[in-house]
>>> print(open('my_file-v2.cif').read())   # mmCIF, C-alpha atoms and all ligand atoms
data_work
loop_
_atom_site.label_atom_id
_atom_site.label_comp_id
_atom_site.auth_asym_id
_atom_site.auth_seq_id
_atom_site.Cartn_x
_atom_site.Cartn_y
_atom_site.Cartn_z
CA MET A 23 9.61 -18.24 -10.46
CA LYS A 24 7.47 -16.72 -13.24
CA VAL A 25 5.52 -13.53 -12.79
CA SER A 26 2.78 -11.81 -14.82
CA ILE A 27 1.74 -8.19 -14.34
CA ILE A 28 -1.67 -6.90 -15.41
CA GLY A 29 -1.88 -3.09 -15.45
CA VAL A 30 1.80 -2.79 -16.33
CA THR A 31 1.32 0.55 -18.11
CA GLY A 32 0.16 2.29 -14.92
CA TYR A 33 2.35 3.89 -12.28
CA SER A 34 2.24 0.94 -9.87
CA GLY A 35 2.70 -1.49 -12.77
CA VAL A 36 5.81 0.21 -14.05
CA GLU A 37 7.13 0.36 -10.48
CA LEU A 38 6.63 -3.42 -10.28
CA LEU A 39 8.70 -3.69 -13.46
CA ARG A 40 11.48 -1.56 -11.92
CA ILE A 41 11.65 -3.83 -8.86
CA LEU A 42 11.17 -7.18 -10.57
CA HIS A 43 13.69 -6.43 -13.33
CA SER A 44 16.50 -6.92 -10.79
CA HIS A 45 14.78 -9.42 -8.49
CA PRO A 46 17.00 -12.51 -8.21
CA VAL A 47 14.16 -15.07 -8.05
CA PHE A 48 11.13 -13.66 -9.89
CA ASP A 49 11.25 -13.49 -13.69
CA ILE A 50 8.90 -11.18 -15.55
CA HIS A 51 7.15 -13.68 -17.82
CA SER A 52 4.33 -11.60 -19.31
CA ILE A 53 2.97 -8.07 -19.07
CA HIS A 54 -0.57 -6.95 -19.80
CA SER A 55 -2.88 -3.97 -20.11
CA THR A 56 -5.21 -2.65 -22.79
CA LYS A 57 -2.20 -1.37 -24.82
CA VAL A 58 -1.73 -4.74 -26.53
CA ASP A 59 1.33 -5.15 -28.82
CA ARG A 60 3.01 -1.93 -27.71
CA SER A 61 6.46 -2.45 -26.27
CA ILE A 62 6.84 -1.14 -22.75
CA SER A 63 9.54 1.27 -23.88
CA GLU A 64 7.11 2.86 -26.36
CA GLU A 65 4.84 3.57 -23.42
CA TYR A 66 7.64 4.39 -20.97
CA PRO A 67 10.83 5.48 -22.79
CA HIS A 68 12.82 5.34 -19.54
CA MET A 69 12.61 1.54 -19.87
CA LEU A 70 14.40 1.52 -23.28
CA HIS A 71 16.99 -1.29 -23.45
CA ILE A 72 16.11 -2.29 -19.89
CA ILE A 73 12.92 -4.24 -20.59
CA ASP A 74 11.88 -4.75 -24.19
CA LYS A 75 8.81 -6.89 -23.60
CA LYS A 76 5.57 -6.27 -25.46
CA VAL A 77 2.26 -5.78 -23.72
CA GLU A 78 0.11 -8.87 -24.34
CA ASP A 79 -3.61 -9.43 -24.28
CA ILE A 80 -5.01 -11.02 -21.14
CA ASP A 81 -5.26 -14.74 -21.83
CA PHE A 82 -6.32 -16.06 -18.42
CA ASP A 83 -5.61 -19.70 -19.30
CA ARG A 84 -2.07 -18.95 -20.46
CA ILE A 85 -1.32 -16.72 -17.47
CA GLY A 86 -2.62 -19.44 -15.14
CA GLU A 87 -0.63 -22.19 -16.84
CA GLU A 88 2.64 -20.34 -17.34
CA SER A 89 3.07 -18.07 -14.31
CA ASP A 90 3.37 -18.75 -10.60
CA VAL A 91 2.04 -15.38 -9.46
CA VAL A 92 0.12 -12.52 -11.05
CA PHE A 93 0.14 -8.92 -9.83
CA LEU A 94 -3.01 -6.94 -10.59
CA ALA A 95 -2.02 -3.28 -10.76
CA THR A 96 -5.43 -2.34 -12.10
CA PRO A 97 -8.13 0.04 -10.83
CA SER A 98 -10.72 -1.03 -8.30
CA GLY A 99 -13.68 -2.46 -10.19
CA ILE A 100 -11.40 -3.86 -12.92
CA SER A 101 -9.33 -6.04 -10.55
CA LYS A 102 -12.50 -7.71 -9.32
CA ARG A 103 -13.36 -8.87 -12.84
CA LEU A 104 -9.82 -10.19 -13.38
CA VAL A 105 -9.78 -12.03 -10.04
CA GLU A 106 -13.06 -13.77 -10.93
CA GLN A 107 -11.42 -15.13 -14.11
CA LEU A 108 -8.25 -16.21 -12.34
CA ILE A 109 -9.44 -17.87 -9.13
CA ASP A 110 -9.85 -21.33 -10.58
CA LYS A 111 -6.32 -21.29 -12.04
CA ASP A 112 -3.26 -22.64 -10.27
CA ILE A 113 -1.71 -19.23 -9.65
CA LYS A 114 -1.23 -16.88 -6.71
CA ILE A 115 -2.83 -13.45 -7.04
CA ILE A 116 -1.68 -10.18 -5.48
CA ASP A 117 -4.23 -7.45 -6.08
CA LEU A 118 -3.12 -3.85 -5.54
CA SER A 119 -6.63 -2.40 -5.76
CA GLY A 120 -9.24 -1.95 -3.05
CA ASP A 121 -11.43 -4.77 -4.39
CA LEU A 122 -10.42 -7.57 -1.99
CA ARG A 123 -9.66 -5.54 1.15
CA LEU A 124 -13.01 -4.94 2.82
CA LYS A 125 -14.48 -8.07 4.38
CA ASP A 126 -17.95 -6.52 4.61
CA SER A 127 -19.11 -6.03 1.03
CA SER A 128 -21.73 -3.45 2.08
CA GLU A 129 -18.82 -1.20 3.13
CA TYR A 130 -17.29 -1.62 -0.34
CA ILE A 131 -20.58 -0.60 -1.93
CA GLN A 132 -20.85 2.41 0.41
CA TRP A 133 -17.28 3.72 0.01
CA TYR A 134 -16.29 2.59 -3.51
CA LYS A 135 -19.78 2.96 -5.01
CA LYS A 136 -19.27 -0.16 -7.12
CA ASP A 137 -20.46 -3.76 -7.10
CA PRO A 138 -18.40 -5.92 -4.75
CA VAL A 139 -16.57 -9.13 -5.53
CA LYS A 140 -18.21 -12.43 -4.47
CA ASN A 141 -18.21 -13.08 -0.72
CA SER A 142 -16.43 -16.42 -1.16
CA ILE A 143 -13.44 -14.56 -2.65
CA LEU A 144 -13.44 -11.96 0.14
CA THR A 145 -13.44 -14.66 2.80
CA GLU A 146 -10.38 -16.34 1.36
CA SER A 147 -8.28 -13.29 0.53
CA VAL A 148 -5.64 -12.26 3.02
CA TYR A 149 -4.92 -8.63 3.90
CA GLY A 150 -1.27 -8.16 2.97
CA LEU A 151 0.01 -5.78 5.61
CA SER A 152 3.34 -7.61 5.52
CA GLU A 153 4.64 -6.78 9.01
CA TRP A 154 1.44 -7.86 10.73
CA ASN A 155 0.01 -10.74 8.72
CA GLU A 156 3.08 -12.74 7.85
CA GLU A 157 1.74 -16.14 8.83
CA SER A 158 -1.49 -15.81 6.85
CA ILE A 159 0.39 -14.32 3.88
CA GLN A 160 2.72 -17.34 3.79
CA SER A 161 -0.16 -19.69 3.07
CA ALA A 162 -2.40 -17.30 1.12
CA LYS A 163 -3.53 -17.83 -2.44
CA TRP A 164 -4.99 -14.34 -2.91
CA ILE A 165 -3.56 -11.22 -1.34
CA ALA A 166 -5.40 -7.92 -0.91
CA ASN A 167 -2.43 -5.58 -0.98
CA PRO A 168 -3.17 -2.70 1.42
CA GLY A 169 -3.93 0.83 0.27
CA CYS A 170 -1.15 3.41 0.40
CA TYR A 171 -2.68 5.59 3.14
CA PRO A 172 -3.73 2.56 5.26
CA THR A 173 -0.18 1.17 5.10
CA ALA A 174 1.35 4.34 6.53
CA THR A 175 -1.47 4.82 9.05
CA LEU A 176 -1.65 1.24 10.32
CA LEU A 177 2.10 0.78 10.71
CA GLY A 178 2.14 4.05 12.65
CA LEU A 179 -0.75 3.12 14.94
CA ALA A 180 -0.33 -0.64 15.49
CA PRO A 181 1.85 -0.74 18.61
CA VAL A 182 -0.24 1.67 20.70
CA ILE A 183 -3.56 0.25 19.50
CA ILE A 184 -2.58 -3.34 20.28
CA GLU A 185 -1.32 -2.32 23.73
CA GLN A 186 -4.66 -0.49 24.28
CA PHE A 187 -2.88 2.73 25.21
CA VAL A 188 -5.29 4.87 23.16
CA GLU A 189 -8.68 6.41 23.97
CA PRO A 190 -10.78 4.47 21.36
CA ALA A 191 -12.70 7.50 20.02
CA SER A 192 -9.73 9.85 19.73
CA ILE A 193 -7.95 8.87 16.50
CA ILE A 194 -7.29 11.64 13.97
CA VAL A 195 -5.21 10.93 10.86
CA ASP A 196 -3.99 13.88 8.80
CA ALA A 197 -2.58 12.39 5.59
CA LYS A 198 -0.82 13.88 2.57
CA SER A 199 0.14 12.25 -0.71
CA GLY A 200 2.13 13.01 -3.83
CA THR A 201 0.29 13.00 -7.14
CA SER A 202 1.49 9.57 -8.38
CA GLY A 203 -0.94 8.19 -5.78
CA ALA A 204 -3.75 9.20 -8.12
CA GLY A 205 -2.40 7.06 -10.98
CA LYS A 206 -1.62 8.15 -14.51
CA THR A 207 -5.12 8.96 -15.76
CA PRO A 208 -5.28 12.73 -16.19
CA SER A 209 -7.78 14.70 -14.11
CA ASN A 210 -8.34 18.36 -13.29
CA GLY A 211 -7.29 17.79 -9.69
CA THR A 212 -3.84 16.51 -10.63
CA LEU A 213 -3.03 19.10 -13.33
CA TYR A 214 0.37 20.75 -12.76
CA THR A 215 -1.31 24.13 -12.55
CA GLU A 216 -3.62 22.93 -9.77
CA VAL A 217 -0.99 21.07 -7.75
CA ASN A 218 2.16 23.16 -8.16
CA GLU A 219 2.79 25.55 -5.23
CA ASN A 220 -0.49 24.44 -3.74
CA LEU A 221 -1.92 22.16 -1.05
CA LYS A 222 -5.48 20.87 -1.26
CA ILE A 223 -7.65 18.71 0.95
CA TYR A 224 -9.86 16.20 -0.89
CA LYS A 225 -12.56 13.53 -0.26
CA VAL A 226 -13.23 15.09 3.17
CA ASN A 227 -14.82 12.46 5.45
CA GLU A 228 -15.49 10.24 2.46
CA HIS A 229 -12.15 8.72 1.55
CA GLN A 230 -12.47 5.04 0.55
CA HIS A 231 -9.50 4.06 2.73
CA THR A 232 -11.39 5.00 5.95
CA PRO A 233 -13.18 1.62 6.38
CA GLU A 234 -9.99 -0.28 5.51
CA ILE A 235 -8.09 1.45 8.32
CA GLU A 236 -10.96 0.98 10.79
CA GLN A 237 -11.36 -2.71 9.86
CA GLN A 238 -7.74 -3.49 10.74
CA LEU A 239 -7.71 -1.27 13.86
CA ARG A 240 -10.78 -3.14 15.14
CA MET A 241 -9.07 -6.48 14.53
CA TRP A 242 -6.33 -5.27 16.88
CA ASN A 243 -8.70 -3.66 19.37
CA GLY A 244 -12.47 -4.21 19.11
CA GLU A 245 -13.21 -1.03 21.08
CA ILE A 246 -11.93 1.34 18.38
CA LYS A 247 -14.51 3.97 17.29
CA PRO A 248 -14.75 5.68 13.87
CA ILE A 249 -11.67 7.70 13.00
CA THR A 250 -11.28 11.14 11.46
CA PHE A 251 -9.23 10.71 8.28
CA SER A 252 -8.24 13.66 6.07
CA THR A 253 -6.31 13.44 2.80
CA HIS A 254 -4.37 16.21 1.05
CA LEU A 255 -2.59 16.42 -2.30
CA LEU A 256 1.05 17.53 -2.11
CA PRO A 257 2.96 19.17 -4.97
CA VAL A 258 5.43 16.24 -5.16
CA THR A 259 5.50 13.10 -7.28
CA ARG A 260 6.05 10.40 -4.64
CA GLY A 261 5.52 10.11 -0.93
CA ILE A 262 2.92 9.95 1.81
CA MET A 263 3.09 11.49 5.25
CA THR A 264 0.49 10.69 7.88
CA THR A 265 0.45 12.79 11.02
CA ILE A 266 -1.65 10.92 13.56
CA TYR A 267 -3.04 12.31 16.83
CA VAL A 268 -4.36 10.06 19.61
CA GLN A 269 -5.34 10.66 23.24
CA LEU A 270 -3.38 8.40 25.59
CA ILE A 271 -5.28 6.72 28.41
CA GLU A 272 -2.17 6.24 30.52
CA ASP A 273 0.58 8.60 31.60
CA LEU A 274 3.20 7.44 29.09
CA ASP A 275 6.27 9.33 27.99
CA THR A 276 8.01 9.57 24.64
CA ASP A 277 10.98 7.40 25.70
CA LYS A 278 8.72 4.55 26.76
CA LEU A 279 6.73 4.64 23.53
CA ILE A 280 9.82 4.83 21.34
CA ASP A 281 11.05 1.70 23.16
CA LEU A 282 7.69 0.01 22.50
CA TYR A 283 7.89 0.84 18.77
CA LYS A 284 11.53 -0.26 18.52
CA ASN A 285 10.77 -3.57 20.22
CA THR A 286 7.64 -4.15 18.14
CA TYR A 287 9.42 -3.61 14.85
CA GLU A 288 12.80 -5.06 15.86
CA LYS A 289 12.51 -7.97 13.44
CA HIS A 290 10.94 -5.93 10.65
CA PRO A 291 13.69 -4.35 8.56
CA PHE A 292 11.37 -2.10 6.54
CA VAL A 293 10.06 -0.19 9.55
CA ARG A 294 12.56 2.29 10.98
CA ILE A 295 11.87 4.13 14.22
CA ARG A 296 13.46 7.56 14.56
CA PRO A 297 15.36 8.64 17.67
CA LYS A 298 13.59 10.93 20.17
CA GLY A 299 13.15 14.50 18.92
CA THR A 300 13.49 13.60 15.24
CA PHE A 301 10.79 13.01 12.66
CA PRO A 302 10.91 11.46 9.19
CA ALA A 303 10.45 13.36 5.92
CA ILE A 304 9.00 11.80 2.79
CA LYS A 305 12.21 12.21 0.80
CA GLU A 306 14.03 10.01 3.30
CA VAL A 307 12.11 6.95 2.06
CA CYS A 308 11.77 7.93 -1.61
CA SER A 309 12.05 4.92 -3.98
CA THR A 310 12.38 2.47 -1.05
CA ASN A 311 10.15 0.03 0.78
CA TYR A 312 10.76 1.69 4.16
CA CYS A 313 8.14 3.09 6.49
CA ASP A 314 9.81 5.55 8.86
CA ILE A 315 8.07 6.55 12.09
CA GLY A 316 8.69 9.31 14.62
CA LEU A 317 6.68 10.00 17.78
CA HIS A 318 6.24 12.49 20.58
CA VAL A 319 3.97 12.74 23.62
CA ASP A 320 2.64 16.21 24.43
CA LYS A 321 2.59 16.20 28.25
CA ARG A 322 0.26 19.25 28.29
CA THR A 323 -2.55 17.53 26.36
CA GLY A 324 -1.79 13.85 26.99
CA ARG A 325 -1.87 13.37 23.23
CA LEU A 326 0.61 11.34 21.21
CA THR A 327 1.68 12.60 17.78
CA ILE A 328 2.86 9.87 15.39
CA VAL A 329 4.43 10.73 12.03
CA SER A 330 4.87 7.96 9.48
CA VAL A 331 6.15 8.25 5.92
CA ILE A 332 6.28 5.87 2.96
CA ASP A 333 6.79 6.01 -0.78
CA ASN A 334 3.24 5.43 -2.05
CA LEU A 335 4.43 3.47 -5.09
CA MET A 336 6.81 1.30 -3.04
CA LYS A 337 5.68 0.38 0.50
CA GLY A 338 2.29 1.83 -0.48
CA ALA A 339 1.89 -0.41 -3.57
CA ALA A 340 4.49 -2.29 -5.66
CA GLY A 341 7.15 -2.64 -2.94
CA GLN A 342 4.79 -4.17 -0.41
CA ALA A 343 3.32 -6.36 -3.18
CA VAL A 344 6.78 -7.81 -3.88
CA GLN A 345 7.44 -8.10 -0.13
CA ASN A 346 4.23 -10.17 0.07
CA ALA A 347 5.26 -12.30 -2.92
CA ASN A 348 8.60 -12.94 -1.18
CA ILE A 349 6.74 -14.11 1.92
CA MET A 350 4.36 -16.30 -0.11
CA PHE A 351 7.26 -18.06 -1.82
CA GLY A 352 9.34 -18.52 1.34
CA LEU A 353 12.01 -15.98 0.40
CA ASP A 354 13.66 -13.43 2.66
CA GLN A 355 11.24 -10.45 2.77
CA GLN A 356 13.95 -8.10 1.60
CA THR A 357 14.79 -10.06 -1.57
CA GLY A 358 14.95 -7.63 -4.49
CA LEU A 359 13.93 -4.72 -2.26
CA ASN A 360 17.27 -3.47 -0.98
CA PHE A 361 17.02 0.05 -2.35
CA SER A 362 18.51 2.99 -0.51
CA PRO A 363 16.56 6.25 -0.70
CA LEU A 364 16.93 8.54 -3.71
CA TYR A 365 18.23 11.62 -1.92
CA PRO A 366 18.33 14.59 -2.27
N1 LIG A 401 -0.61 4.88 -7.36
C1 LIG A 401 -0.45 4.51 -6.11
O1 LIG A 401 0.34 5.12 -5.34
C2 LIG A 401 -1.22 3.36 -5.55
C3 LIG A 401 -2.11 2.63 -6.30
N2 LIG A 401 -2.80 1.58 -5.75
C4 LIG A 401 -3.74 0.81 -6.52
O2 LIG A 401 -3.05 0.13 -7.56
C5 LIG A 401 -3.87 0.04 -8.73
C6 LIG A 401 -3.15 0.69 -9.89
O3 LIG A 401 -2.96 2.05 -9.56
P1 LIG A 401 -2.11 3.03 -10.47
O4 LIG A 401 -0.89 2.34 -10.95
O5 LIG A 401 -2.01 4.28 -9.71
O6 LIG A 401 -3.13 3.22 -11.67
P2 LIG A 401 -2.90 3.79 -13.12
O7 LIG A 401 -4.15 4.50 -13.49
O8 LIG A 401 -1.63 4.52 -13.22
O9 LIG A 401 -2.80 2.46 -14.02
C7 LIG A 401 -3.86 1.58 -14.19
C8 LIG A 401 -3.43 0.40 -15.01
O10 LIG A 401 -4.54 -0.48 -15.18
C9 LIG A 401 -4.69 -0.77 -16.55
N3 LIG A 401 -6.08 -1.04 -16.88
C10 LIG A 401 -7.15 -0.22 -16.74
N4 LIG A 401 -8.26 -0.84 -17.16
C11 LIG A 401 -7.88 -2.08 -17.61
C12 LIG A 401 -8.56 -3.18 -18.16
N5 LIG A 401 -9.88 -3.16 -18.37
N6 LIG A 401 -7.85 -4.28 -18.50
C13 LIG A 401 -6.52 -4.32 -18.31
N7 LIG A 401 -5.80 -3.31 -17.78
C14 LIG A 401 -6.50 -2.20 -17.43
C15 LIG A 401 -4.17 0.45 -17.27
O11 LIG A 401 -3.85 0.07 -18.59
P3 LIG A 401 -3.94 1.03 -19.88
O12 LIG A 401 -2.63 1.81 -19.89
O13 LIG A 401 -4.02 0.07 -20.98
O14 LIG A 401 -5.13 1.91 -19.69
C16 LIG A 401 -2.95 0.75 -16.42
O15 LIG A 401 -1.91 -0.10 -16.79
C17 LIG A 401 -5.18 0.77 -8.39
O16 LIG A 401 -6.13 -0.16 -7.96
C18 LIG A 401 -4.77 1.68 -7.24
O17 LIG A 401 -5.84 1.97 -6.41
C19 LIG A 401 -2.59 1.19 -4.46
C20 LIG A 401 -1.71 1.86 -3.67
C21 LIG A 401 -0.98 3.02 -4.15
C1 LIG A 402 -3.33 11.02 -4.32
C2 LIG A 402 -4.53 10.18 -4.59
O1 LIG A 402 -5.47 10.57 -5.26
N1 LIG A 402 -4.52 8.96 -4.05
C3 LIG A 402 -5.61 8.04 -4.26
C4 LIG A 402 -5.21 6.68 -3.79
C5 LIG A 402 -6.15 5.69 -4.41
C6 LIG A 402 -5.88 4.29 -4.24
O2 LIG A 402 -4.80 3.86 -3.95
O3 LIG A 402 -6.95 3.52 -4.52
P1 LIG A 402 -7.49 2.22 -3.79
O4 LIG A 402 -8.72 2.61 -3.10
O5 LIG A 402 -7.70 1.24 -4.86
O6 LIG A 402 -6.43 1.83 -2.81
C7 LIG A 402 -6.86 8.50 -3.49
O7 LIG A 402 -6.73 9.23 -2.53
O8 LIG A 402 -7.96 8.06 -3.86
#
>>> encode(input="my_file-v2.cif", output="structure tokens")
Amino acid sequence: MKVSIIGVTGYSGVELLRILHSHPVFDIHSIHSTKVDRSISEEYPHMLHIIDKKVEDIDFDRIGEESDVVFLATPSGISKRLVEQLIDKDIKIIDLSGDLRLKDSSEYIQWYKKDPVKNSILTESVYGLSEWNEESIQSAKWIANPGCYPTATLLGLAPVIIEQFVEPASIIVDAKSGTSGAGKTPSNGTLYTEVNENLKIYKVNEHQHTPEIEQQLRMWNGEIKPITFSTHLLPVTRGIMTTIYVQLIEDLDTDKLIDLYKNTYEKHPFVRIRPKGTFPAIKEVCSTNYCDIGLHVDKRTGRLTIVSVIDNLMKGAAGQAVQNANIMFGLDQQTGLNFSPLYP
């Protein structure tokens, strides 16, 4: 099966290369970005003698004719323009940006402050939260790969939201990410001197992933009210931790909820539920496609604390994108994704 990657010189793009290089079914056919004619090892010396391909210009006809699937690891706003050139080609598209995720284009305008993609494209694209949308992903032509924070948040919340165990207006998500989540373009906020030995909150009450999380929560439970969602920058390269607080509407204990989570995710190898009294750390999923979840009910307050961790470049981006491609092509979801964590 032939694969093209557009945005290969970015952090998610080079992570796609790392995964696909040893994938037994997908072959990297062509790689693209604006750095045309540079070999990938000139851009990323760690790839020397591993992948020697050159970055090519984006010839939509050739990509459409020669590849079976194209990954767009490009910024929001750019992906949209690429999708519009690719939709009439006979090729599956997996877009890692936010451009295809929000079904209501007025929300995209409000939160991304850019022009939205055409409504006809939004209607047909499938939200690629692999564990929850498998059937639609199987038959999808265009996948909106979920955002990194929404992936961790939604996998952590799904079981209790679907069971309607949660007071609909009580959801608070306290999220933290490593700096690779911001991509490779330099900015003051991600300078070593700003991030090292520091912890900063950013985009307070205006993070673009807020409507994406709410959209999916409301598909599971139409009563859900707006959430509080806070994002922080951690002085690490990879990893996201979301600590989620919800008010329970029933008298449920930790054992019962851990059972619920274990049963829900029993057939989903990338979601691991921690035993009672233990919580996951970001390093425990580093370089893997796992989402690890720990939970505890505070009997004094009736609130449930859920902790979920992912590697933002893997389950939060390239890993889930390959998981979705596996599903689209009828492969085992784990194909090419059997990494154990890089630890310590
Ligand atoms: N980083 C993460 O953890 C996550 C990222 N995402 C999403 O994935 C996408 C990529 O993110 P990330 O890898 O961090 O971004 P980077 O900024 O690291 O990389 C962006 C890539 O897009 C390419 N690009 C930019 N403009 C164009 C253009 N006009 N034509 C062709 N290629 C272009 C860049 O190429 P060049 O080198 O030539 O400039 C580069 O290869 C984004 O939409 C992001 O929101 C989603 C989840 C997590
Ligand atoms: C650490 C960091 O800065 N993370 C980025 C994640 C952006 C992203 O993934 O963008 P999409 O909206 O295209 O999903 C952020 O918080 O904006």
>>> axis_aligned_box(input="my_file-v2.cif", around="ligand LIG 401 (chain A)", padding_each_side="5 Å", output="JSON")
{"center_x": -4.8, "center_y": 0.4, "center_z": -12.3, "size_x": 20.2, "size_y": 19.4, "size_z": 27.3}
>>> closest_residue(input="my_file-v2.cif", among="A:His51, A:His231, A:Lys111, A:His318", to="ligand LIG 401 (chain A)", atoms="all atoms listed in the file")
A:His231
>>> atom_distance(input="my_file-v2.cif", atom1="atom P1 of ligand LIG 402 (chain A)", atom2="CA of Ile165 (chain A)")
14.2 Å
>>> residues_near_ligand(input="my_file-v2.cif", ligand="ligand LIG 402 (chain A)", cutoff="9 Å", atoms="all atoms listed in the file", output="number ranges by chain")
A: 96-99, 118-121, 123, 134, 167-172, 198-205, 211-212, 224-225, 229-231, 253-256, 262, 334, 338-339
>>> write_last_selection(input="my_file-v2.cif", atoms="C-alpha atoms", output="mmCIF file, in the coordinates of the input")
data_model
loop_
_atom_site.group_PDB
_atom_site.id
_atom_site.type_symbol
_atom_site.label_atom_id
_atom_site.label_comp_id
_atom_site.auth_asym_id
_atom_site.auth_seq_id
_atom_site.Cartn_x
_atom_site.Cartn_y
_atom_site.Cartn_z
ATOM 1 C CA THR A 96 -5.430 -2.340 -12.100
ATOM 2 C CA PRO A 97 -8.130 0.040 -10.830
ATOM 3 C CA SER A 98 -10.720 -1.030 -8.300
ATOM 4 C CA GLY A 99 -13.680 -2.460 -10.190
ATOM 5 C CA LEU A 118 -3.120 -3.850 -5.540
ATOM 6 C CA SER A 119 -6.630 -2.400 -5.760
ATOM 7 C CA GLY A 120 -9.240 -1.950 -3.050
ATOM 8 C CA ASP A 121 -11.430 -4.770 -4.390
ATOM 9 C CA ARG A 123 -9.660 -5.540 1.150
ATOM 10 C CA TYR A 134 -16.290 2.590 -3.510
ATOM 11 C CA ASN A 167 -2.430 -5.580 -0.980
ATOM 12 C CA PRO A 168 -3.170 -2.700 1.420
ATOM 13 C CA GLY A 169 -3.930 0.830 0.270
ATOM 14 C CA CYS A 170 -1.150 3.410 0.400
ATOM 15 C CA TYR A 171 -2.680 5.590 3.140
ATOM 16 C CA PRO A 172 -3.730 2.560 5.260
ATOM 17 C CA LYS A 198 -0.820 13.880 2.570
ATOM 18 C CA SER A 199 0.140 12.250 -0.710
ATOM 19 C CA GLY A 200 2.130 13.010 -3.830
ATOM 20 C CA THR A 201 0.290 13.000 -7.140
ATOM 21 C CA SER A 202 1.490 9.570 -8.380
ATOM 22 C CA GLY A 203 -0.940 8.190 -5.780
ATOM 23 C CA ALA A 204 -3.750 9.200 -8.120
ATOM 24 C CA GLY A 205 -2.400 7.060 -10.980
ATOM 25 C CA GLY A 211 -7.290 17.790 -9.690
ATOM 26 C CA THR A 212 -3.840 16.510 -10.630
ATOM 27 C CA TYR A 224 -9.860 16.200 -0.890
ATOM 28 C CA LYS A 225 -12.560 13.530 -0.260
ATOM 29 C CA HIS A 229 -12.150 8.720 1.550
ATOM 30 C CA GLN A 230 -12.470 5.040 0.550
ATOM 31 C CA HIS A 231 -9.500 4.060 2.730
ATOM 32 C CA THR A 253 -6.310 13.440 2.800
ATOM 33 C CA HIS A 254 -4.370 16.210 1.050
ATOM 34 C CA LEU A 255 -2.590 16.420 -2.300
ATOM 35 C CA LEU A 256 1.050 17.530 -2.110
ATOM 36 C CA ILE A 262 2.920 9.950 1.810
ATOM 37 C CA ASN A 334 3.240 5.430 -2.050
ATOM 38 C CA GLY A 338 2.290 1.830 -0.480
ATOM 39 C CA ALA A 339 1.890 -0.410 -3.570
#
>>> closest_residue(input="my_file-v2.cif", among="A:Leu213, A:Ser192, A:Leu282, A:Ile315", to="Thr250 (chain A)", atoms="all atoms listed in the file")
A:Ser192
